[in-house]
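*Asks:* What follows is final_4.txt; its format and atoms are compact mmCIF, C-alpha atoms.
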```txt
# COMPACT_ATOMS: atom_id res chain seq x y z
CA MET A 1 11.50 13.00 -2.93
CA ASP A 2 7.78 13.79 -2.97
CA VAL A 3 7.83 13.67 -6.76
CA ARG A 4 9.51 10.25 -6.80
CA ILE A 5 6.92 8.87 -4.40
CA GLN A 6 4.04 10.32 -6.40
CA GLN A 7 5.51 8.99 -9.64
CA SER A 8 5.65 5.53 -8.07
CA VAL A 9 1.96 5.78 -7.17
CA VAL A 10 1.12 6.75 -10.76
CA ALA A 11 3.11 3.78 -12.04
CA ASN A 12 1.48 1.38 -9.58
CA LEU A 13 -2.03 2.42 -10.62
CA SER A 14 -1.04 2.27 -14.28
CA HIS A 15 -0.22 -1.41 -13.80
CA ARG A 16 -3.72 -2.30 -12.57
CA PRO A 17 -5.60 -4.73 -14.87
CA ALA A 18 -7.71 -1.96 -16.45
CA PRO A 19 -6.17 1.48 -15.79
CA VAL A 20 -7.98 4.54 -17.08
CA GLU A 21 -6.23 7.75 -18.17
CA VAL A 22 -8.40 10.79 -17.46
CA GLY A 23 -6.63 14.03 -18.34
CA PRO A 24 -4.01 14.63 -15.61
CA PHE A 25 -5.23 11.63 -13.59
CA VAL A 26 -4.73 7.88 -13.63
CA ILE A 27 -7.43 5.61 -12.19
CA GLY A 28 -6.18 2.19 -11.13
CA MET A 29 -9.19 0.10 -12.13
CA ASP A 30 -9.42 -3.58 -11.20
CA PRO A 31 -12.57 -5.30 -12.60
CA THR A 32 -12.31 -8.10 -10.01
CA THR A 33 -13.16 -5.86 -7.05
CA THR A 34 -15.17 -2.74 -6.23
CA SER A 35 -12.91 -1.86 -3.28
CA PRO A 36 -12.23 1.90 -3.23
CA HIS A 37 -8.84 1.11 -1.67
CA ILE A 38 -7.82 -0.57 -4.94
CA ASN A 39 -9.89 1.38 -7.48
CA TYR A 40 -8.72 4.94 -6.88
CA ALA A 41 -7.11 7.80 -8.79
CA THR A 42 -4.00 9.89 -8.44
CA PRO A 43 -2.72 12.96 -10.32
CA ARG A 44 0.46 13.09 -12.33
CA PRO A 45 2.93 15.22 -10.34
CA GLY A 46 3.08 18.83 -11.44
CA ALA A 47 0.20 18.54 -13.92
CA ALA A 48 -2.12 21.53 -14.38
CA ILE A 49 -5.58 20.57 -13.09
CA THR A 50 -8.89 22.41 -13.52
CA ALA A 51 -12.39 22.03 -12.14
CA ALA A 52 -13.38 20.63 -15.54
CA ASP A 53 -10.76 17.89 -15.12
CA VAL A 54 -12.34 16.93 -11.78
CA THR A 55 -15.78 16.75 -13.40
CA VAL A 56 -14.48 14.40 -16.09
CA LEU A 57 -12.73 12.29 -13.44
CA VAL A 58 -15.94 11.85 -11.46
CA ALA A 59 -17.81 10.89 -14.63
CA ALA A 60 -15.19 8.21 -15.37
CA PHE A 61 -15.64 6.71 -11.91
CA ARG A 62 -19.44 6.77 -12.27
CA ALA A 63 -19.24 5.12 -15.70
CA ALA A 64 -17.22 2.30 -14.17
CA ASP A 65 -19.61 2.03 -11.19
CA ARG A 66 -16.81 2.87 -8.75
CA LYS A 67 -16.62 5.34 -5.89
CA PRO A 68 -14.67 8.49 -6.86
CA ARG A 69 -11.61 8.48 -4.64
CA LEU A 70 -8.02 9.75 -4.74
CA GLU A 71 -4.76 9.22 -2.89
CA TYR A 72 -1.78 11.47 -3.58
CA VAL A 73 1.25 13.33 -2.23
CA VAL A 74 -0.05 16.77 -1.34
CA SER A 75 2.92 18.82 -2.55
CA CYS A 76 2.65 17.32 -6.05
CA ALA A 77 -0.81 18.84 -6.58
CA PRO A 78 -1.10 21.66 -4.02
CA ASP A 79 -4.27 23.20 -5.49
CA LEU A 80 -6.14 19.96 -6.07
CA GLU A 81 -7.75 19.60 -2.63
CA ALA A 82 -9.66 22.87 -3.05
CA LEU A 83 -10.99 21.76 -6.45
CA LEU A 84 -12.06 18.40 -5.04
CA THR A 85 -13.79 19.80 -1.95
CA ALA A 86 -15.60 22.31 -4.16
CA ALA A 87 -16.92 19.32 -6.11
CA GLY A 88 -18.21 17.66 -2.93
CA PHE A 89 -15.26 15.44 -2.01
CA VAL A 90 -14.60 14.84 1.68
CA VAL A 91 -11.19 14.25 3.23
CA GLU A 92 -10.87 10.73 4.63
CA ALA A 93 -7.41 11.05 6.16
CA ARG A 94 -4.11 12.89 6.07
CA HIS A 95 -1.04 10.74 6.55
CA THR A 96 2.66 11.30 6.88
CA TYR A 97 4.54 8.81 4.76
CA LEU A 98 7.83 7.35 5.96
CA LEU A 99 10.92 6.38 3.94
CA CYS A 100 13.65 3.80 4.36
CA VAL A 101 16.87 3.46 2.37
CA PRO A 102 19.49 0.70 2.64
CA ASP A 103 21.71 2.73 4.99
CA THR A 104 18.93 3.26 7.54
CA LEU A 105 17.41 -0.25 7.57
CA ALA A 106 17.88 -1.83 11.00
CA ALA A 107 17.62 -5.54 11.74
CA PRO A 108 15.13 -6.28 14.55
CA PRO A 109 15.81 -8.98 17.17
CA ALA A 110 15.58 -12.55 15.89
CA LEU A 111 12.26 -14.34 16.37
CA ASP A 112 12.22 -17.72 18.10
CA ARG A 113 8.69 -18.87 17.29
CA PHE A 114 8.20 -17.67 13.74
CA GLY A 115 9.65 -18.18 10.31
CA LEU A 116 9.42 -15.55 7.56
CA ARG A 117 9.09 -16.63 3.95
CA GLU A 118 7.52 -15.64 0.65
CA PRO A 119 4.35 -17.57 -0.21
CA ALA A 120 5.12 -19.81 -3.18
CA THR A 121 1.78 -21.58 -3.67
CA ASP A 122 -1.84 -20.45 -3.85
CA PRO A 123 -2.70 -22.16 -0.52
CA GLU A 124 0.10 -20.16 1.11
CA ARG A 125 -1.14 -16.97 -0.55
CA THR A 126 -4.63 -17.77 0.73
CA ALA A 127 -3.29 -18.20 4.27
CA LEU A 128 -1.46 -14.87 4.09
CA ILE A 129 -4.44 -12.92 2.78
CA SER A 130 -6.76 -14.54 5.32
CA ALA A 131 -4.42 -13.54 8.16
CA GLN A 132 -4.25 -9.96 6.86
CA ASN A 133 -8.03 -9.74 6.49
CA GLU A 134 -8.55 -11.08 10.00
CA ALA A 135 -5.96 -8.70 11.47
CA PHE A 136 -7.63 -5.71 9.82
CA GLY A 137 -11.07 -6.74 11.07
CA GLY A 138 -12.45 -7.88 7.73
CA ASP A 139 -13.79 -11.12 6.31
CA PRO A 140 -10.97 -13.63 6.83
CA VAL A 141 -11.95 -15.56 3.70
CA ALA A 142 -9.60 -14.91 0.78
CA SER A 143 -11.29 -14.91 -2.62
CA GLU A 144 -9.81 -16.40 -5.77
CA ALA A 145 -9.47 -12.86 -7.13
CA ASP A 146 -7.49 -11.83 -4.04
CA VAL A 147 -5.12 -14.75 -4.50
CA ALA A 148 -4.71 -14.06 -8.22
CA ARG A 149 -3.97 -10.39 -7.48
CA LEU A 150 -1.22 -11.34 -5.04
CA ARG A 151 0.23 -13.84 -7.50
CA ARG A 152 0.33 -11.16 -10.20
CA THR A 153 2.08 -8.77 -7.83
CA GLN A 154 4.77 -11.34 -7.08
CA ASP A 155 5.17 -12.28 -10.73
CA ALA A 156 5.68 -8.61 -11.59
CA GLY A 157 8.50 -8.25 -9.06
CA GLY A 158 6.60 -7.32 -5.92
CA VAL A 159 7.27 -8.85 -2.52
CA ALA A 160 5.00 -10.84 -0.20
CA VAL A 161 6.08 -12.20 3.18
CA MET A 162 4.20 -14.46 5.56
CA ALA A 163 5.06 -15.17 9.19
CA VAL A 164 4.54 -18.84 10.03
CA THR A 165 4.52 -20.49 13.46
CA ASP A 166 6.18 -23.81 14.24
CA ASP A 167 2.89 -25.62 13.63
CA GLY A 168 2.42 -24.00 10.21
CA THR A 169 -0.12 -21.33 11.16
CA CYS A 170 0.14 -18.02 9.32
CA ALA A 171 0.37 -15.38 12.06
CA GLY A 172 0.54 -12.38 9.75
CA GLY A 173 2.46 -10.84 6.90
CA GLY A 174 2.65 -8.00 4.42
CA GLY A 175 4.01 -7.05 1.05
CA ALA A 176 5.33 -4.44 -1.37
CA VAL A 177 4.35 -3.41 -4.87
CA PRO A 178 6.73 -3.97 -7.81
CA PRO A 179 9.41 -1.25 -7.73
CA THR A 180 9.24 1.53 -10.30
CA GLY A 181 12.12 3.94 -10.75
CA GLY A 182 13.82 2.38 -7.75
CA VAL A 183 10.83 3.06 -5.45
CA SER A 184 8.36 0.62 -3.85
CA GLU A 185 5.48 0.97 -1.40
CA VAL A 186 5.33 -1.43 1.54
CA ALA A 187 1.78 -2.12 2.70
CA GLY A 188 -0.58 -4.51 4.42
CA ILE A 189 1.62 -5.17 7.46
CA ALA A 190 -0.68 -7.25 9.64
CA VAL A 191 -0.43 -9.51 12.68
CA ARG A 192 -3.31 -11.62 13.96
CA THR A 193 -4.40 -10.77 17.50
CA PRO A 194 -2.95 -13.85 19.33
CA TYR A 195 0.53 -13.07 17.98
CA ARG A 196 0.80 -9.35 18.67
CA ARG A 197 3.25 -7.64 21.05
CA GLN A 198 6.00 -10.11 20.16
CA GLY A 199 8.01 -8.03 17.69
CA LEU A 200 6.42 -9.66 14.67
CA ALA A 201 5.26 -6.49 12.86
CA GLY A 202 8.75 -5.04 12.95
CA ALA A 203 10.31 -8.30 11.78
CA ILE A 204 7.86 -8.55 8.86
CA THR A 205 8.43 -4.93 7.83
CA ALA A 206 12.21 -5.27 8.00
CA ASP A 207 12.17 -8.54 6.05
CA ILE A 208 10.03 -7.11 3.24
CA THR A 209 12.24 -4.03 3.07
CA ARG A 210 15.43 -6.10 3.01
CA ARG A 211 14.07 -8.21 0.16
CA LEU A 212 13.30 -5.02 -1.78
CA PHE A 213 16.85 -3.72 -1.26
CA ASP A 214 18.29 -7.10 -2.24
CA ARG A 215 16.48 -6.57 -5.57
CA GLU A 216 18.17 -3.17 -5.98
CA THR A 217 15.22 -1.05 -4.87
CA GLU A 218 16.56 2.33 -3.72
CA ILE A 219 13.68 3.61 -1.58
CA ALA A 220 10.94 1.85 0.35
CA TRP A 221 8.03 3.86 1.72
CA LEU A 222 4.92 3.24 3.78
CA GLU A 223 2.30 4.88 5.95
CA ALA A 224 1.58 4.30 9.62
CA SER A 225 -1.99 3.76 10.78
CA GLY A 226 -1.31 4.98 14.33
CA GLU A 227 1.30 5.72 16.96
CA ASP A 228 2.04 2.05 17.68
CA SER A 229 2.78 1.20 14.06
CA TRP A 230 4.73 4.47 13.66
CA ARG A 231 7.09 3.36 16.46
CA VAL A 232 7.43 -0.08 14.90
CA TYR A 233 8.45 1.38 11.54
CA GLU A 234 10.87 3.88 13.04
CA ARG A 235 12.64 1.09 14.96
CA VAL A 236 13.45 -0.71 11.71
CA GLY A 237 14.73 2.40 9.96
CA TYR A 238 11.82 4.33 8.47
CA ARG A 239 11.77 8.12 8.82
CA PRO A 240 9.00 10.74 8.24
CA ALA A 241 9.23 12.37 4.82
CA GLY A 242 6.05 13.95 3.40
CA GLN A 243 2.27 14.26 3.43
CA ARG A 244 -0.38 12.25 1.58
CA LEU A 245 -4.11 12.91 1.27
CA TYR A 246 -7.00 10.44 1.06
CA ILE A 247 -10.21 12.03 -0.28
CA ALA A 248 -13.45 10.62 -1.69
CA LEU A 249 -16.89 11.52 -3.02
CA ASP A 250 -19.87 9.50 -1.79
```
Hey, can you dump this file as structure tokens for me?

*Replies:*
Amino acid sequence: MDVRIQQSVVANLSHRPAPVEVGPFVIGMDPTTTSPHINYATPRPGAAITAADVTVLVAAFRAADRKPRLEYVVSCAPDLEALLTAAGFVVEARHTYLLCVPDTLAAPPALDRFGLREPATDPERTALISAQNEAFGGDPVASEADVARLRRTQDAGGVAVMAVTDDGTCAGGGGAVPPTGGVSEVAGIAVRTPYRRQGLAGAITADITRRLFDRETEIAWLEASGEDSWRVYERVGYRPAGQRLYIALD
């Protein structure tokens, strides 16, 4: 299972607007943003990696004026962390990823105050991204590049879901990348502060996951940012599966 998840990460980064192949690595470059959470690298599972490969990888990031950064499933490159730390990289986080398959997906209680739907217009996409940015403590303004990126994701087969109140306010949302090999990552589950503790995060996660399975995705996976979100994801059918590493060089 670790290999399937890592292969899906490789495929996702390879579909960025300007991906870069660097030996055993793929860098998911996007010229419209400098965000290290979008412009990062991952190794191909099982590839032989040397210190020289890491040096070339860093040079490729520097040439593109991007921060050298990687995300990957640990078991698919067990010796890589030592090579990276020797080159000056610092671990940002270690996360357990969780999986859901159609047989484990659980429907949360129905919501009375909210409707869940996929954004179909750029104003709706703007509202969704703004709600996510606000929920994560960032600039709530959604740029044109952000909106275009979400539109491309949807056009390629990815999922986006927004939670809308009776008066039309976007309370939160999330999405999933286009499936590859029957696998898709769910991410960006966010609820604005006034609408939290009402079951909305679980409903959004379950709805995104159901839409993926309706499109014949076999496995959905995600990561929890803390104990609260972990419990939310487990309630809708996600289960712990493996370890991922986030590591970067300043």

*Asks:* If I take atom CA of A:Thr32 and atom CA of A:Arg66, how far is one from the other in Å, to one decimal?

*Replies:*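 That distance, rounded to one decimal, is 11.9 Å.
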
*Asks:* Hey, could you make a per-residue contact list for stretch 144-229 of chain A against stretch 84-102 of chain A with 10 Å as the cut-off, showing the nearest pair of atoms and its distance in Å to one decimal, counting all atoms listed in the file, sorted by chain and number, as a Markdown table?

*Replies:*
```
| residue | atom | partner | partner_atom | distance |
| --- | --- | --- | --- | --- |
| A:Val183 | CA | A:Val101 | CA | 9.9 |
| A:Glu185 | CA | A:Leu99 | CA | 9.3 |
| A:Val186 | CA | A:Leu99 | CA | 9.9 |
| A:Ala206 | CA | A:Cys100 | CA | 9.9 |
| A:Thr209 | CA | A:Cys100 | CA | 8.1 |
| A:Arg210 | CA | A:Pro102 | CA | 7.9 |
| A:Leu212 | CA | A:Pro102 | CA | 9.5 |
| A:Phe213 | CA | A:Pro102 | CA | 6.5 |
| A:Asp214 | CA | A:Pro102 | CA | 9.3 |
| A:Glu216 | CA | A:Pro102 | CA | 9.5 |
| A:Thr217 | CA | A:Val101 | CA | 8.7 |
| A:Glu218 | CA | A:Val101 | CA | 6.2 |
| A:Ile219 | CA | A:Val101 | CA | 5.1 |
| A:Ala220 | CA | A:Cys100 | CA | 5.2 |
| A:Trp221 | CA | A:Leu99 | CA | 4.4 |
| A:Leu222 | CA | A:Leu98 | CA | 5.5 |
| A:Glu223 | CA | A:Tyr97 | CA | 4.7 |
| A:Ala224 | CA | A:Tyr97 | CA | 7.3 |
| A:Ser225 | CA | A:His95 | CA | 8.2 |
| A:Gly226 | CA | A:His95 | CA | 9.7 |
```

*Asks:* Show which residues sit within 8 Å of stretch 133-147 of chain A, as a list in words. Count only C-alpha atoms, and ignore same-chain residues fewer than 5 positions away.

*Replies:*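 Counting only C-alpha atoms, the residues come to Thr32, Thr33, Asp122, Arg125, Thr126, Ala127, Gly172, Ala190, Val191, Arg192 and Thr193 of chain A.
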
*Asks:* Using only C-alpha atoms, please write the residues we just selected to a file, as a PDB file, keeping the file's coordinate frame.

*Replies:*
```pdb
ATOM      1  CA  THR A  32     -12.310  -8.100 -10.010  1.00  0.00           C
ATOM      2  CA  THR A  33     -13.160  -5.860  -7.050  1.00  0.00           C
ATOM      3  CA  ASP A 122      -1.840 -20.450  -3.850  1.00  0.00           C
ATOM      4  CA  ARG A 125      -1.140 -16.970  -0.550  1.00  0.00           C
ATOM      5  CA  THR A 126      -4.630 -17.770   0.730  1.00  0.00           C
ATOM      6  CA  ALA A 127      -3.290 -18.200   4.270  1.00  0.00           C
ATOM      7  CA  GLY A 172       0.540 -12.380   9.750  1.00  0.00           C
ATOM      8  CA  ALA A 190      -0.680  -7.250   9.640  1.00  0.00           C
ATOM      9  CA  VAL A 191      -0.430  -9.510  12.680  1.00  0.00           C
ATOM     10  CA  ARG A 192      -3.310 -11.620  13.960  1.00  0.00           C
ATOM     11  CA  THR A 193      -4.400 -10.770  17.500  1.00  0.00           C
TER      12      THR A 193
END
```

*Asks:* Within 12 Å of (12.5, 2.5, 14.7) (coordinates as in the file), grab all the protein and nucleic acid residues, counting all atoms listed in the file, and write them out as a list in words.

*Replies:*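 Here the neighbourhood of the point contains Leu98, Leu99, Cys100, Thr104, Leu105, Ala106, Ala107, Pro108, Gly199, Ala201, Gly202, Ala203, Thr205, Ala206, Glu227, Asp228, Ser229, Trp230, Arg231, Val232, Tyr233, Glu234, Arg235, Val236, Gly237, Tyr238, Arg239 and Pro240 of chain A.
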
*Asks:* Which value, in Å to one decimal, gives the distance between atom CA of A:Ser130 and atom CA of A:Pro178?

*Replies:*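 Interatomic distance, atom CA of A:Ser130 to atom CA of A:Pro178: 21.6 Å.
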
*Asks:* So how far away is atom CA of A:Pro78 from atom CA of A:Leu13, in Å?

*Replies:*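 Separation between atom CA of A:Leu13 and atom CA of A:Pro78: 20.4 Å.
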
*Asks:* Under the rule that all atoms listed in the file are counted, which of A:Ala171, A:Met1, A:Ile208, A:Val73 is the nearest residue to A:Gly158?

*Replies:*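 Nearest to A:Gly158: A:Ile208.
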
*Asks:* My list of candidates is A:Asp167, A:Glu71, A:Asp2, A:Asp65. Which is closest to A:Pro43 when distances are computed with all atoms listed in the file?

*Replies:*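 Between A:Asp167, A:Glu71, A:Asp2, A:Asp65, the residue approaching A:Pro43 most closely is A:Glu71.
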
*Asks:* Select all residues near (5.8, -24.0, 13.5) (cut-off 12 Å, inclusive, file coordinates), counting only C-alpha atoms, and output them as a list in words.

*Replies:*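 Using only C-alpha atoms, the matching residues come out as Leu111, Asp112, Arg113, Phe114, Gly115, Leu116, Ala163, Val164, Thr165, Asp166, Asp167, Gly168, Thr169, Cys170 and Ala171 of chain A.
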
*Asks:* Choose the residue, out of A:Ala248, A:Val3, A:Leu57, A:Ile49, that has the smallest atom-to-atom separation from A:Val20; count only C-alpha atoms.

*Replies:* A:Leu57

*Asks:* Determine the nearest neighbour of A:Lys67 from the options A:Ala241, A:Ile204, A:Ala41, A:Ala110, counting all atoms listed in the file.

*Replies:*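 Looking at the shortest contact to A:Lys67, the residue is A:Ala41.
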
*Asks:* Excluding stretch 151-154 of chain A and any residue of its chain fewer than 6 positions from it, enumerate the residues within 10 Å of it, using only C-alpha atoms, and give them as a PyMOL selection string.

*Replies:* chain A and resi 15-17+118-122+125+145+160+175-178

*Asks:* So that I have them on file, write out the residues from the current selection with C-alpha atoms, as a PDB file, in the frame of the given file.

*Replies:*
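Written output follows (part.pdb):
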```pdb
ATOM      1  CA  HIS A  15      -0.220  -1.410 -13.800  1.00  0.00           C
ATOM      2  CA  ARG A  16      -3.720  -2.300 -12.570  1.00  0.00           C
ATOM      3  CA  PRO A  17      -5.600  -4.730 -14.870  1.00  0.00           C
ATOM      4  CA  GLU A 118       7.520 -15.640   0.650  1.00  0.00           C
ATOM      5  CA  PRO A 119       4.350 -17.570  -0.210  1.00  0.00           C
ATOM      6  CA  ALA A 120       5.120 -19.810  -3.180  1.00  0.00           C
ATOM      7  CA  THR A 121       1.780 -21.580  -3.670  1.00  0.00           C
ATOM      8  CA  ASP A 122      -1.840 -20.450  -3.850  1.00  0.00           C
ATOM      9  CA  ARG A 125      -1.140 -16.970  -0.550  1.00  0.00           C
ATOM     10  CA  ALA A 145      -9.470 -12.860  -7.130  1.00  0.00           C
ATOM     11  CA  ALA A 160       5.000 -10.840  -0.200  1.00  0.00           C
ATOM     12  CA  GLY A 175       4.010  -7.050   1.050  1.00  0.00           C
ATOM     13  CA  ALA A 176       5.330  -4.440  -1.370  1.00  0.00           C
ATOM     14  CA  VAL A 177       4.350  -3.410  -4.870  1.00  0.00           C
ATOM     15  CA  PRO A 178       6.730  -3.970  -7.810  1.00  0.00           C
TER      16      PRO A 178
END
```

*Asks:* A:Asp207, A:Gln6, A:Ala59, A:Glu81: which is nearest A:Arg44, counting all atoms listed in the file?

*Replies:* A:Gln6

*Asks:* Excluding same-chain residues fewer than 3 positions from A:Gly23, what lies within 12 Å of it counting all atoms listed in the file, as number ranges by chain?

*Replies:* A: 20, 26-27, 41-44, 47-58, 60
